[in-house]
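data-v4.pdb follows; it contains PDB, C-alpha atoms.
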```
MODEL        1
ATOM      1  CA  MET A 884      14.303  13.194 -32.732
ATOM      2  CA  GLY A 885      14.272  11.137 -29.498
ATOM      3  CA  ILE A 886      11.499   9.315 -27.769
ATOM      4  CA  SER A 887       9.443  11.526 -25.476
ATOM      5  CA  ASN A 888       9.548  11.054 -21.702
ATOM      6  CA  LEU A 889       6.000   9.756 -21.696
ATOM      7  CA  ALA A 890       6.791   7.028 -24.214
ATOM      8  CA  LYS A 891       9.831   5.836 -22.211
ATOM      9  CA  GLY A 892       7.987   4.796 -19.069
ATOM     10  CA  GLY A 893       4.416   5.902 -19.391
ATOM     11  CA  VAL A 894       2.707   8.101 -16.843
ATOM     12  CA  ALA A 895       3.963   5.970 -13.950
ATOM     13  CA  GLY A 896       7.545   6.328 -15.170
ATOM     14  CA  VAL A 897       7.267  10.099 -15.424
ATOM     15  CA  VAL A 898       5.828  10.358 -11.904
ATOM     16  CA  LEU A 899       8.470   8.029 -10.450
ATOM     17  CA  ARG A 900      11.312   9.948 -12.131
ATOM     18  CA  TRP A 901       9.950  13.161 -10.647
ATOM     19  CA  ALA A 902       9.495  11.559  -7.204
ATOM     20  CA  SER A 903      13.042  10.164  -7.196
ATOM     21  CA  ARG A 904      14.332  13.740  -6.900
ATOM     22  CA  LEU A 905      12.320  14.430  -3.719
ATOM     23  CA  ARG A 906      13.907  14.376  -0.281
ATOM     24  CA  PHE A 907      12.774  12.001   2.480
ATOM     25  CA  PRO A 908      10.012  13.935   4.282
ATOM     26  CA  TYR A 909       8.252  14.949   1.067
ATOM     27  CA  LEU A 910       8.654  11.496  -0.450
ATOM     28  CA  PHE A 911       7.243   9.900   2.705
ATOM     29  CA  VAL A 912       4.223  12.239   2.742
ATOM     30  CA  LEU A 913       3.562  11.580  -0.951
ATOM     31  CA  THR A 914       3.739   7.811  -0.422
ATOM     32  CA  VAL A 915       1.428   7.871   2.609
ATOM     33  CA  ALA A 916      -1.059  10.178   0.890
ATOM     34  CA  LEU A 917      -1.243   7.962  -2.201
ATOM     35  CA  PHE A 918      -1.596   4.867  -0.012
ATOM     36  CA  LEU A 919      -4.466   6.375   1.989
ATOM     37  CA  LEU A 920      -6.166   7.584  -1.181
ATOM     38  CA  ASN A 921      -5.851   4.106  -2.674
ATOM     39  CA  VAL A 922      -7.253   2.458   0.479
ATOM     40  CA  LEU A 923     -10.183   4.837   0.956
ATOM     41  CA  LEU A 924     -11.307   5.079  -2.668
ATOM     42  CA  ALA A 925     -11.673   2.142  -5.002
ATOM     43  CA  ASP A 926      -8.794   2.563  -7.469
ATOM     44  CA  PRO A 927      -8.884   6.371  -7.790
ATOM     45  CA  LEU A 928      -5.906   6.546 -10.130
ATOM     46  CA  PRO A 929      -4.950   4.133 -12.860
ATOM     47  CA  PHE A 930      -1.692   2.396 -11.950
ATOM     48  CA  ALA A 931      -1.924   3.584  -8.311
ATOM     49  CA  ASP A 932      -0.570   0.251  -7.101
ATOM     50  CA  GLU A 933       2.420   0.472  -9.420
ATOM     51  CA  LEU A 934       3.088   4.031  -8.288
ATOM     52  CA  LEU A 935       2.930   2.914  -4.643
ATOM     53  CA  MET A 936       5.421   0.119  -5.237
ATOM     54  CA  GLY A 937       7.776   2.473  -7.074
ATOM     55  CA  LEU A 938       7.488   5.149  -4.398
ATOM     56  CA  ALA A 939       8.148   2.578  -1.669
ATOM     57  CA  ALA A 940      11.274   1.417  -3.515
ATOM     58  CA  ILE A 941      12.499   4.999  -3.903
ATOM     59  CA  LEU A 942      11.713   5.684  -0.239
ATOM     60  CA  LEU A 943      13.678   2.658   0.952
ATOM     61  CA  GLY A 944      16.539   3.513  -1.368
ATOM     62  CA  SER A 945      16.720   7.041  -0.011
ATOM     63  CA  LEU A 946      16.845   5.709   3.552
ATOM     64  CA  ARG A 947      19.709   3.405   2.693
ATOM     65  CA  LYS A 948      21.570   6.182   0.851
ATOM     66  CA  SER A 949      21.306   8.582   3.800
ATOM     67  CA  ARG A 950      22.638   5.959   6.212
ATOM     68  CA  ARG A 951      25.644   5.307   3.975
ATOM     69  CA  GLU A 952      26.509   8.983   3.991
ATOM     70  CA  ASP A 953      26.508   9.099   7.817
ATOM     71  CA  ILE A 954      29.067   6.290   8.201
ATOM     72  CA  PRO A 955      32.578   7.698   8.590
ATOM     73  CA  PRO A 956      35.328   6.307   6.354
ATOM     74  CA  PRO A 957      37.495   3.563   7.910
ATOM     75  CA  ALA A 958      40.702   4.595   9.636
ATOM     76  CA  ASP A 959      44.079   3.763   8.073
ATOM     77  CA  GLY A 960      45.154   0.195   8.750
ATOM     78  CA  ALA A 961      41.615  -1.015   9.386
ATOM     79  CA  PRO A 962      40.767  -4.371   7.765
TER      80      PRO A 962
ENDMDL
END
```

Represent the structure contained in this file as structure tokens.
Amino acid sequence: MGISNLAKGGVAGVVLRWASRLRFPYLFVLTVALFLLNVLLADPLPFADELLMGLAAILLGSLRKSRREDIPPPADGAP
């Protein structure tokens, strides 16, 4: 019997694994909504700051990944 998903990374890990499968617009909206909720209310969720940092990292990683896909492969004989 393996370790459950919750034991591997806690609640923050489960949320970040789920969020890593989201596409850019939904990930951006989720990040902004959590940020605004964290700013307006005094620590509404436990580990909200950790979730924000993880979501920002996933968001930046998805931006970089999409740019890499748009770059055409180099032509033959290019250095």

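The list of residues within 9 Å of (2.9, 6.3, -6.3), counted using all atoms listed in the file, is Ala895, Val898, Leu899, Ala902, Leu913, Thr914, Leu917, Phe918, Phe930, Ala931, Asp932, Glu933, Leu934, Leu935, Met936, Gly937, Leu938 and Ala939 of chain A.
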
### Task
Tell me which of A:Ala916, A:Leu924, A:Phe907, A:Pro929 sits closest to Gly893 (chain A), counting all atoms listed in the file.
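Comparing A:Ala916, A:Leu924, A:Phe907, A:Pro929 against Gly893 (chain A), the winner is A:Pro929.
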
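Each of A:Leu910, A:Ala925, A:Leu920, A:Val894 was compared to Gly944 (chain A) using all atoms listed in the file, and A:Leu910 turns out to be the nearest.
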
### Query
In terms of the shortest atom-to-atom distance over only C-alpha atoms, which of A:Ser945, A:Ala940, A:Leu919, A:Pro927 is closest to Leu905 (chain A)?
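Of all the options, A:Ser945 lies closest to Leu905 (chain A).
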
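Going from CA of Leu923 (chain A) to CA of Arg900 (chain A) covers 25.7 Å.
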
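Among the candidate residues A:Leu928, A:Gly892, A:Arg906, A:Asn921, the one lying nearest to Leu943 (chain A) is A:Arg906, with distances computed using only C-alpha atoms.
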